[in-house]
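Structure below is input28.cif: mmCIF, C-alpha atoms.
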```cif
data_data
#
loop_
_atom_site.label_atom_id
_atom_site.label_comp_id
_atom_site.auth_asym_id
_atom_site.auth_seq_id
_atom_site.Cartn_x
_atom_site.Cartn_y
_atom_site.Cartn_z
CA MET A 1 -121.60 28.22 15.64
CA SER A 2 -121.96 26.35 18.88
CA ASP A 3 -120.01 27.48 21.88
CA SER A 4 -119.62 23.88 23.05
CA GLN A 5 -116.10 22.47 23.10
CA PRO A 6 -115.19 19.17 21.37
CA PRO A 7 -114.61 16.24 23.72
CA ASP A 8 -111.06 15.68 24.93
CA THR A 9 -109.14 13.22 22.78
CA GLU A 10 -105.87 13.43 24.72
CA PRO A 11 -105.36 12.42 28.35
CA ARG A 12 -105.31 15.34 30.71
CA PRO A 13 -101.98 16.31 32.26
CA GLY A 14 -101.32 14.39 35.46
CA LYS A 15 -103.97 11.78 34.70
CA PRO A 16 -102.81 8.36 33.46
CA ALA A 17 -104.10 7.25 30.11
CA SER A 18 -106.87 4.72 30.35
CA LYS A 19 -106.39 1.28 28.81
CA SER A 20 -107.91 0.62 25.43
CA LEU A 21 -110.93 -1.63 25.23
CA LEU A 22 -108.77 -4.38 23.76
CA GLY A 23 -106.20 -3.99 26.55
CA ARG A 24 -108.89 -4.27 29.22
CA LEU A 25 -110.31 -7.41 27.62
CA VAL A 26 -106.86 -9.04 27.40
CA SER A 27 -106.10 -8.21 31.04
CA ARG A 28 -109.31 -9.93 32.09
CA ILE A 29 -108.59 -13.02 30.04
CA ARG A 30 -104.88 -13.20 30.86
CA PRO A 31 -104.13 -11.09 33.94
CA GLU A 32 -100.59 -10.04 34.75
CA PRO A 33 -98.84 -12.26 37.35
CA GLU A 34 -99.08 -10.88 40.86
CA ASN A 35 -96.98 -13.43 42.78
CA ARG A 36 -94.53 -16.29 42.30
CA GLU A 37 -97.30 -18.84 41.89
CA ASP A 38 -98.71 -16.85 38.98
CA ILE A 39 -95.24 -16.65 37.42
CA ARG A 40 -94.77 -20.39 37.88
CA ALA A 41 -98.15 -21.08 36.26
CA LEU A 42 -97.14 -18.98 33.25
CA LEU A 43 -93.81 -20.80 33.05
CA GLU A 44 -95.52 -24.19 33.16
CA THR A 45 -97.88 -23.11 30.40
CA ALA A 46 -94.96 -21.89 28.28
CA HIS A 47 -93.10 -25.13 28.96
CA ASP A 48 -96.12 -27.28 28.07
CA ARG A 49 -96.47 -25.38 24.82
CA HIS A 50 -92.74 -25.81 24.07
CA VAL A 51 -92.13 -22.07 24.16
CA ILE A 52 -89.20 -22.74 26.54
CA ASP A 53 -87.20 -25.96 26.69
CA ASP A 54 -86.62 -28.24 29.66
CA ASP A 55 -83.29 -26.72 30.69
CA SER A 56 -84.60 -23.16 30.58
CA PHE A 57 -87.70 -24.11 32.55
CA SER A 58 -85.62 -25.89 35.19
CA MET A 59 -83.22 -22.96 35.58
CA ILE A 60 -85.94 -20.30 35.81
CA SER A 61 -87.87 -22.41 38.31
CA GLY A 62 -84.69 -22.91 40.33
CA ALA A 63 -84.06 -19.17 40.37
CA LEU A 64 -87.55 -18.65 41.79
CA ASP A 65 -87.06 -21.37 44.41
CA VAL A 66 -83.84 -19.99 45.92
CA ALA A 67 -85.79 -17.05 47.33
CA ASN A 68 -87.77 -19.51 49.46
CA GLN A 69 -84.85 -21.74 50.47
CA THR A 70 -82.43 -21.19 53.31
CA ALA A 71 -78.86 -22.22 54.06
CA GLY A 72 -80.21 -24.82 56.46
CA ASP A 73 -82.09 -26.50 53.61
CA ILE A 74 -79.02 -27.32 51.53
CA MET A 75 -76.02 -27.22 53.89
CA VAL A 76 -73.58 -30.07 54.35
CA PRO A 77 -74.36 -31.17 57.93
CA ARG A 78 -71.70 -30.89 60.63
CA SER A 79 -71.27 -34.67 60.81
CA LYS A 80 -70.17 -34.79 57.16
CA MET A 81 -67.92 -31.73 57.15
CA ASP A 82 -64.28 -32.35 56.30
CA MET A 83 -62.38 -30.17 58.76
CA LEU A 84 -58.72 -29.80 59.65
CA ASP A 85 -57.21 -29.50 63.12
CA ILE A 86 -54.80 -26.56 63.19
CA SER A 87 -52.79 -28.21 65.97
CA LYS A 88 -51.72 -31.12 63.72
CA PRO A 89 -48.55 -30.92 61.64
CA LEU A 90 -48.95 -30.54 57.90
CA ALA A 91 -47.58 -34.05 57.31
CA GLU A 92 -50.62 -35.49 59.09
CA LEU A 93 -53.09 -33.23 57.31
CA LEU A 94 -51.88 -33.73 53.74
CA PRO A 95 -53.30 -37.27 53.25
CA GLU A 96 -56.78 -36.07 54.24
CA ILE A 97 -56.47 -32.99 52.03
CA ILE A 98 -55.48 -35.15 49.07
CA GLU A 99 -58.15 -37.80 49.69
CA THR A 100 -61.06 -35.38 49.90
CA GLY A 101 -60.00 -33.22 46.98
CA HIS A 102 -61.63 -30.08 48.38
CA SER A 103 -60.33 -26.64 47.50
CA ARG A 104 -61.31 -25.14 50.88
CA PHE A 105 -61.27 -26.53 54.42
CA PRO A 106 -62.72 -25.19 57.67
CA ILE A 107 -59.97 -25.05 60.30
CA TYR A 108 -60.74 -25.70 63.95
CA GLU A 109 -58.74 -25.55 67.15
CA ASN A 110 -59.31 -27.84 70.17
CA ASP A 111 -63.01 -28.34 69.39
CA ARG A 112 -64.87 -28.77 66.09
CA ASP A 113 -67.25 -26.00 67.10
CA ASN A 114 -64.29 -23.63 67.45
CA ILE A 115 -63.72 -22.84 63.78
CA VAL A 116 -60.92 -20.33 63.47
CA GLY A 117 -60.85 -19.84 59.71
CA ILE A 118 -60.66 -21.35 56.24
CA LEU A 119 -57.63 -22.88 54.53
CA LEU A 120 -57.39 -22.79 50.74
CA ALA A 121 -55.67 -25.80 49.24
CA LYS A 122 -53.92 -23.58 46.70
CA ASP A 123 -52.20 -21.73 49.54
CA LEU A 124 -50.48 -24.99 50.45
CA LEU A 125 -48.36 -24.64 47.31
CA LEU A 126 -46.22 -22.42 49.49
CA THR A 127 -45.32 -25.46 51.58
CA ILE A 128 -43.62 -27.29 48.71
CA THR A 129 -40.30 -25.67 49.53
CA ASN A 130 -40.95 -25.53 53.26
CA PRO A 131 -42.99 -28.51 54.55
CA SER A 132 -42.54 -27.38 58.16
CA ILE A 133 -44.27 -24.05 57.53
CA ASP A 134 -46.73 -22.79 60.16
CA LEU A 135 -50.24 -23.00 58.72
CA ARG A 136 -51.71 -20.27 60.92
CA PRO A 137 -50.63 -17.35 58.71
CA LEU A 138 -52.31 -19.14 55.76
CA VAL A 139 -55.69 -19.41 57.47
CA ARG A 140 -58.21 -16.90 56.15
CA PRO A 141 -61.18 -15.50 58.11
CA ALA A 142 -64.32 -17.62 58.06
CA VAL A 143 -67.76 -16.30 57.16
CA PHE A 144 -70.54 -17.34 59.55
CA ILE A 145 -74.23 -17.28 58.63
CA PRO A 146 -77.43 -18.42 60.38
CA GLU A 147 -79.42 -21.41 59.15
CA SER A 148 -82.23 -19.02 58.22
CA LYS A 149 -80.15 -17.09 55.65
CA ARG A 150 -82.07 -16.94 52.35
CA LEU A 151 -80.18 -18.44 49.42
CA ASN A 152 -80.80 -15.49 47.10
CA VAL A 153 -79.31 -13.16 49.73
CA LEU A 154 -76.42 -15.55 50.34
CA LEU A 155 -75.61 -15.78 46.63
CA HIS A 156 -75.54 -11.98 46.43
CA GLU A 157 -73.15 -11.85 49.40
CA PHE A 158 -70.93 -14.56 47.91
CA ARG A 159 -70.59 -12.53 44.71
CA ASN A 160 -70.02 -9.18 46.40
CA ASN A 161 -67.55 -10.45 49.02
CA ARG A 162 -65.83 -12.93 46.71
CA ASN A 163 -66.37 -15.76 49.19
CA HIS A 164 -67.08 -19.32 48.16
CA LEU A 165 -67.80 -20.98 51.50
CA ALA A 166 -69.75 -20.05 54.64
CA ILE A 167 -70.05 -21.80 57.99
CA VAL A 168 -73.67 -22.27 59.05
CA ILE A 169 -74.35 -21.84 62.76
CA ASN A 170 -77.43 -22.84 64.74
CA GLU A 171 -79.44 -20.74 67.18
CA HIS A 172 -77.07 -21.70 70.03
CA GLY A 173 -73.98 -20.55 68.16
CA GLY A 174 -72.72 -24.05 67.42
CA THR A 175 -71.62 -25.31 64.03
CA ALA A 176 -74.57 -26.71 62.07
CA GLY A 177 -72.86 -27.25 58.71
CA LEU A 178 -71.39 -25.46 55.74
CA VAL A 179 -72.62 -24.20 52.40
CA THR A 180 -70.67 -23.23 49.28
CA MET A 181 -71.39 -21.03 46.31
CA GLU A 182 -71.52 -24.19 44.20
CA ASP A 183 -74.24 -25.59 46.47
CA VAL A 184 -76.37 -22.49 45.88
CA LEU A 185 -75.77 -22.40 42.13
CA GLU A 186 -76.72 -26.06 41.86
CA GLN A 187 -80.19 -25.17 43.13
CA ILE A 188 -80.57 -23.09 39.97
CA VAL A 189 -78.64 -24.88 37.24
CA GLY A 190 -78.59 -28.45 38.60
CA ASP A 191 -75.59 -30.56 39.59
CA ILE A 192 -72.20 -29.10 38.70
CA GLU A 193 -69.70 -31.89 38.22
CA ASP A 194 -65.99 -31.25 38.51
CA GLU A 195 -62.94 -33.44 38.11
CA PHE A 196 -63.34 -34.84 41.63
CA ASP A 197 -67.05 -35.74 41.50
CA GLU A 198 -66.73 -39.09 39.76
CA GLU A 199 -64.02 -40.21 42.17
CA ALA A 200 -65.87 -38.77 45.16
CA GLU A 201 -68.81 -41.10 44.50
CA LYS A 202 -66.54 -44.11 44.68
CA THR A 203 -65.96 -45.34 48.22
CA ILE A 204 -64.35 -48.76 47.62
CA PHE A 205 -60.90 -49.01 46.01
CA GLN A 206 -58.88 -52.08 45.12
CA THR A 207 -55.34 -51.84 46.49
CA GLY A 208 -54.06 -55.35 45.67
CA SER A 209 -55.05 -58.68 44.19
CA ASN A 210 -56.87 -59.58 47.40
CA ASN A 211 -57.15 -56.26 49.22
CA TRP A 212 -59.50 -53.28 49.13
CA ARG A 213 -59.91 -50.01 50.97
CA ALA A 214 -63.40 -48.82 51.91
CA MET A 215 -64.41 -45.48 53.35
CA GLY A 216 -66.38 -45.48 56.60
CA ILE A 217 -69.20 -43.64 54.82
CA THR A 218 -69.66 -46.51 52.35
CA GLU A 219 -73.33 -47.41 52.26
CA ILE A 220 -74.00 -50.94 53.47
CA ASP A 221 -76.08 -51.69 50.37
CA VAL A 222 -73.13 -50.68 48.18
CA PHE A 223 -70.75 -52.84 50.25
CA ASN A 224 -73.08 -55.85 50.06
CA ARG A 225 -73.35 -55.57 46.29
CA ALA A 226 -69.59 -55.21 45.91
CA PHE A 227 -68.66 -58.21 48.07
CA ASN A 228 -71.79 -60.37 47.77
CA THR A 229 -72.33 -60.10 51.53
CA THR A 230 -75.45 -59.72 53.63
CA LEU A 231 -74.48 -57.18 56.28
CA PRO A 232 -77.67 -55.87 57.95
CA ASN A 233 -78.86 -52.41 56.98
CA ASP A 234 -81.93 -52.09 59.19
CA ASP A 235 -80.37 -49.93 61.91
CA TYR A 236 -77.34 -48.43 60.13
CA ASP A 237 -76.80 -46.98 56.66
CA THR A 238 -73.00 -46.95 56.53
CA LEU A 239 -70.19 -49.43 56.99
CA GLY A 240 -68.75 -47.25 59.75
CA GLY A 241 -72.03 -47.27 61.66
CA TRP A 242 -72.31 -51.04 61.38
CA ILE A 243 -68.77 -51.79 62.58
CA THR A 244 -69.21 -49.36 65.50
CA ALA A 245 -72.28 -51.30 66.63
CA GLU A 246 -70.51 -54.63 66.18
CA LEU A 247 -67.51 -53.57 68.25
CA GLY A 248 -69.58 -51.84 70.91
CA HIS A 249 -67.27 -48.83 71.00
CA ILE A 250 -65.94 -46.14 68.70
CA PRO A 251 -63.54 -48.06 66.46
CA ARG A 252 -59.80 -47.59 66.82
CA ARG A 253 -57.02 -48.24 64.37
CA GLY A 254 -56.30 -51.97 64.31
CA ASP A 255 -59.77 -53.15 65.35
CA THR A 256 -60.75 -56.18 63.23
CA ILE A 257 -63.97 -58.05 62.50
CA ASN A 258 -64.33 -61.25 60.45
CA ARG A 259 -67.58 -61.62 58.52
CA GLU A 260 -68.62 -63.84 55.64
CA GLY A 261 -65.11 -64.64 54.51
CA LEU A 262 -63.82 -61.10 54.94
CA ASN A 263 -61.30 -59.59 57.34
CA ILE A 264 -62.41 -55.98 57.95
CA THR A 265 -59.75 -53.93 59.71
CA VAL A 266 -59.93 -50.30 60.80
CA VAL A 267 -56.95 -48.45 59.34
CA GLY A 268 -58.12 -44.89 59.90
CA ALA A 269 -60.35 -43.32 62.56
CA ASP A 270 -60.71 -40.17 64.57
CA ALA A 271 -62.26 -39.62 68.00
CA LYS A 272 -65.80 -39.90 66.66
CA ARG A 273 -65.95 -42.09 63.58
CA VAL A 274 -64.37 -44.61 61.24
CA LEU A 275 -62.56 -43.07 58.27
CA TRP A 276 -61.02 -46.01 56.40
CA LEU A 277 -61.18 -49.80 56.53
CA ASN A 278 -59.04 -52.46 54.90
CA ILE A 279 -60.93 -55.37 53.37
CA GLN A 280 -59.21 -58.70 52.74
CA HIS A 281 -60.63 -62.02 51.65
CA ASP A 282 -59.78 -65.16 53.53
CA GLU A 283 -57.54 -67.35 51.37
CA THR A 284 -60.26 -69.98 51.23
CA SER A 285 -62.89 -67.52 50.02
CA LEU A 286 -63.88 -67.64 46.38
CA LEU A 287 -65.91 -64.44 46.39
CA THR A 288 -65.02 -61.90 43.72
CA PRO A 289 -66.17 -58.37 44.48
CA SER A 290 -67.77 -56.43 41.67
CA ASP A 291 -67.04 -52.83 40.77
CA ALA A 292 -68.78 -50.46 43.15
CA GLN A 293 -69.24 -46.75 43.34
#
```
Could you take the file, read its structure, and then write that structure out as structure tokens?
Amino acid sequence: MSDSQPPDTEPRPGKPASKSLLGRLVSRIRPEPENREDIRALLETAHDRHVIDDDSFSMISGALDVANQTAGDIMVPRSKMDMLDISKPLAELLPEIIETGHSRFPIYENDRDNIVGILLAKDLLLTITNPSIDLRPLVRPAVFIPESKRLNVLLHEFRNNRNHLAIVINEHGGTAGLVTMEDVLEQIVGDIEDEFDEEAEKTIFQTGSNNWRAMGITEIDVFNRAFNTTLPNDDYDTLGGWITAELGHIPRRGDTINREGLNITVVGADAKRVLWLNIQHDETSLLTPSDAQ
């Protein structure tokens, strides 16, 4: 008998088992993904081969993208934030709260950069029996985040802290915008429509047989299509921007401009912008505005 020992057939303790020949060949042909680009390439291949459908591909891709996006990429900019002045009585704030349809509002005091908290619309139910109630006790603490906050980190914080809205600040500490949990989720699953979305897209409303209300943010192209007008859109995108240029000053309530058979009157404005305008045809005008969103 030979004293030689048979070759080992089991891996030695502490030494990882080597891959089979087949495993090594497969790894060379189809290596495991090492980064997000490799994962995306595999997803695209699976999508092209109909292994995953369009919705699944979009959602998985969105989940990968949020790690590379920041709050500054998707925030609502400061100029478009709907904010409430804590110094105003509730009677003045309610029309704006109702018009916007938001569930949460940043609250500021004296200056729009001085945000003191967040007001939940549902908390205003307490005012039904007491319309003169002081809003300050209803204001909840605001969450402030930098523009550089990664969306995947922000979503995790939203879930853990049960917050739905954060104020985005710039490098100087000023208000840059706001971002909501819905904004982040929409980067993954696409647009989330609620009962206010359809109405929120509409910026022109008929209020009488010959009268309309238009929001200051109405796009000039939309206004022109609705009223068959030719207001210029080279330098300004919105109706509010155009009327500000025409007047030569920040519009005030009661300011009126006549253009192309229309009387355009400012009926709502704050210290910085036009909020609402009343549109009325001259009696001699035969123009009939079309439906506009």
Interatomic distance (Å, one decimal) between atom CA of A:Gly101 and atom CA of A:Leu84: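 So the two atoms, atom CA of A:Gly101 and atom CA of A:Leu84, lie 13.2 Å apart.
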Expansion of the PyMOL selection byres ((chain A and resi 158) around 12) into residues, as a VMD selection string: chain A and resid 143 to 145 151 to 157 159 to 166 179 to 185
Output the selection as a CSV table (one decimal), in the frame of the given file - C-alpha atoms for each residue.
```csv
chain,number,residue,atom,x,y,z
A,143,VAL,CA,-67.8,-16.3,57.2
A,144,PHE,CA,-70.5,-17.3,59.6
A,145,ILE,CA,-74.2,-17.3,58.6
A,151,LEU,CA,-80.2,-18.4,49.4
A,152,ASN,CA,-80.8,-15.5,47.1
A,153,VAL,CA,-79.3,-13.2,49.7
A,154,LEU,CA,-76.4,-15.6,50.3
A,155,LEU,CA,-75.6,-15.8,46.6
A,156,HIS,CA,-75.5,-12.0,46.4
A,157,GLU,CA,-73.2,-11.8,49.4
A,159,ARG,CA,-70.6,-12.5,44.7
A,160,ASN,CA,-70.0,-9.2,46.4
A,161,ASN,CA,-67.6,-10.4,49.0
A,162,ARG,CA,-65.8,-12.9,46.7
A,163,ASN,CA,-66.4,-15.8,49.2
A,164,HIS,CA,-67.1,-19.3,48.2
A,165,LEU,CA,-67.8,-21.0,51.5
A,166,ALA,CA,-69.8,-20.0,54.6
A,179,VAL,CA,-72.6,-24.2,52.4
A,180,THR,CA,-70.7,-23.2,49.3
A,181,MET,CA,-71.4,-21.0,46.3
A,182,GLU,CA,-71.5,-24.2,44.2
A,183,ASP,CA,-74.2,-25.6,46.5
A,184,VAL,CA,-76.4,-22.5,45.9
A,185,LEU,CA,-75.8,-22.4,42.1
```
Long-range neighbours of A:Ile257 as number ranges by chain, 12 Å cut-off, all atoms listed in the file, 3 positions minimum in chain: A: 239, 242-248, 251, 254, 260-266, 277-280
Limited to C-alpha atoms, could you put the picked residues into a file as a compact mmCIF listing (two decimals), in the frame of the given file?
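Output saved as result-v1.txt:
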```txt
# COMPACT_ATOMS: atom_id res chain seq x y z
CA LEU A 239 -70.19 -49.43 56.99
CA TRP A 242 -72.31 -51.04 61.38
CA ILE A 243 -68.77 -51.79 62.58
CA THR A 244 -69.21 -49.36 65.50
CA ALA A 245 -72.28 -51.30 66.63
CA GLU A 246 -70.51 -54.63 66.18
CA LEU A 247 -67.51 -53.57 68.25
CA GLY A 248 -69.58 -51.84 70.91
CA PRO A 251 -63.54 -48.06 66.46
CA GLY A 254 -56.30 -51.97 64.31
CA GLU A 260 -68.62 -63.84 55.64
CA GLY A 261 -65.11 -64.64 54.51
CA LEU A 262 -63.82 -61.10 54.94
CA ASN A 263 -61.30 -59.59 57.34
CA ILE A 264 -62.41 -55.98 57.95
CA THR A 265 -59.75 -53.93 59.71
CA VAL A 266 -59.93 -50.30 60.80
CA LEU A 277 -61.18 -49.80 56.53
CA ASN A 278 -59.04 -52.46 54.90
CA ILE A 279 -60.93 -55.37 53.37
CA GLN A 280 -59.21 -58.70 52.74
```
Pick from A:Leu135, A:Leu119, A:Leu64, A:Ile220, whichever lies nearest to A:Leu43 using all atoms listed in the file: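 Among A:Leu135, A:Leu119, A:Leu64, A:Ile220, it is A:Leu64 that comes nearest to A:Leu43.
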Hits of the PyMOL selection byres ((chain A and resi 76) around 8) in this structure, as a list in words: Ile74, Met75, Pro77, Arg78, Lys80, Met81, Gly177, Leu178 and Val179 of chain A
Contact residues around A:Ile217 with all atoms listed in the file at 10 Å, ignoring same-chain residues under 3 positions, as a list in words: Lys80, Thr203, Ala214, Ile220, Asp237, Thr238, Leu239, Gly240, Gly241, Arg273, Val274, Leu275 and Trp276 of chain A
Atom-to-atom span, atom CA of A:Lys88 and atom CA of A:Ile169, Å: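 Those two atoms sit 24.5 Å apart.
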Nearest-residue call for A:Glu171, choices A:Thr230, A:Ser56, A:Arg225, A:Ser148, using all atoms listed in the file: A:Ser148
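Our summary of the geometry notes that atom CA of A:Leu120 is positioned 26.9 Å from atom CA of A:Phe205.
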Proximity to A:Glu96 - best of A:Ile188, A:Val66, A:Ile52, A:Ala269, all atoms listed in the file: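 With all atoms listed in the file as the atom set, the closest residue is A:Ala269.
Of the residues listed (A:Asp111, A:Asp221, A:Arg150, A:Ser103), A:Arg150 shows the shortest atom-to-atom separation from A:Thr70; distances use all atoms listed in the file.
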All residues 10 Å or closer to A:Asp65, only C-alpha atoms, same chain fewer than 3 positions away omitted, as a ChimeraX atom specification: /A:36,59-62,68-69,151-152,187-188
Residue among A:Val222, A:Ala63, A:Ile118, A:Val168 lying closest to A:Val189, counting all atoms listed in the file: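 The closest residue to A:Val189 is A:Ala63.
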Could you rebuild stretch 149-160 of chain A with N, CA, C and O atoms and give it back as a compact mmCIF listing (two decimals), in the coordinates of the input?
```txt
# COMPACT_ATOMS: atom_id res chain seq x y z
N LYS A 149 -80.58 -17.98 56.73
CA LYS A 149 -80.15 -17.09 55.65
C LYS A 149 -80.75 -17.55 54.32
O LYS A 149 -80.61 -18.69 53.91
N ARG A 150 -81.46 -16.64 53.64
CA ARG A 150 -82.07 -16.94 52.35
C ARG A 150 -80.98 -17.14 51.29
O ARG A 150 -79.99 -16.42 51.26
N LEU A 151 -81.20 -18.12 50.40
CA LEU A 151 -80.18 -18.44 49.42
C LEU A 151 -79.95 -17.32 48.42
O LEU A 151 -78.82 -17.11 47.97
N ASN A 152 -81.01 -16.59 48.05
CA ASN A 152 -80.80 -15.49 47.10
C ASN A 152 -79.95 -14.39 47.73
O ASN A 152 -79.11 -13.78 47.05
N VAL A 153 -80.14 -14.15 49.02
CA VAL A 153 -79.31 -13.16 49.73
C VAL A 153 -77.88 -13.67 49.86
O VAL A 153 -76.91 -12.93 49.66
N LEU A 154 -77.75 -14.95 50.17
CA LEU A 154 -76.42 -15.55 50.34
C LEU A 154 -75.64 -15.51 49.02
O LEU A 154 -74.44 -15.19 49.02
N LEU A 155 -76.29 -15.81 47.92
CA LEU A 155 -75.61 -15.78 46.63
C LEU A 155 -75.12 -14.37 46.32
O LEU A 155 -74.01 -14.18 45.82
N HIS A 156 -75.94 -13.38 46.63
CA HIS A 156 -75.54 -11.98 46.43
C HIS A 156 -74.31 -11.64 47.27
O HIS A 156 -73.38 -10.98 46.79
N GLU A 157 -74.29 -12.11 48.51
CA GLU A 157 -73.15 -11.85 49.40
C GLU A 157 -71.90 -12.59 48.92
O GLU A 157 -70.78 -12.04 48.99
N PHE A 158 -72.07 -13.82 48.46
CA PHE A 158 -70.93 -14.56 47.91
C PHE A 158 -70.28 -13.77 46.77
O PHE A 158 -69.06 -13.64 46.69
N ARG A 159 -71.11 -13.25 45.88
CA ARG A 159 -70.59 -12.53 44.71
C ARG A 159 -69.92 -11.21 45.12
O ARG A 159 -68.84 -10.88 44.63
N ASN A 160 -70.55 -10.48 46.02
CA ASN A 160 -70.02 -9.18 46.40
C ASN A 160 -68.74 -9.29 47.22
O ASN A 160 -67.82 -8.47 47.09
```
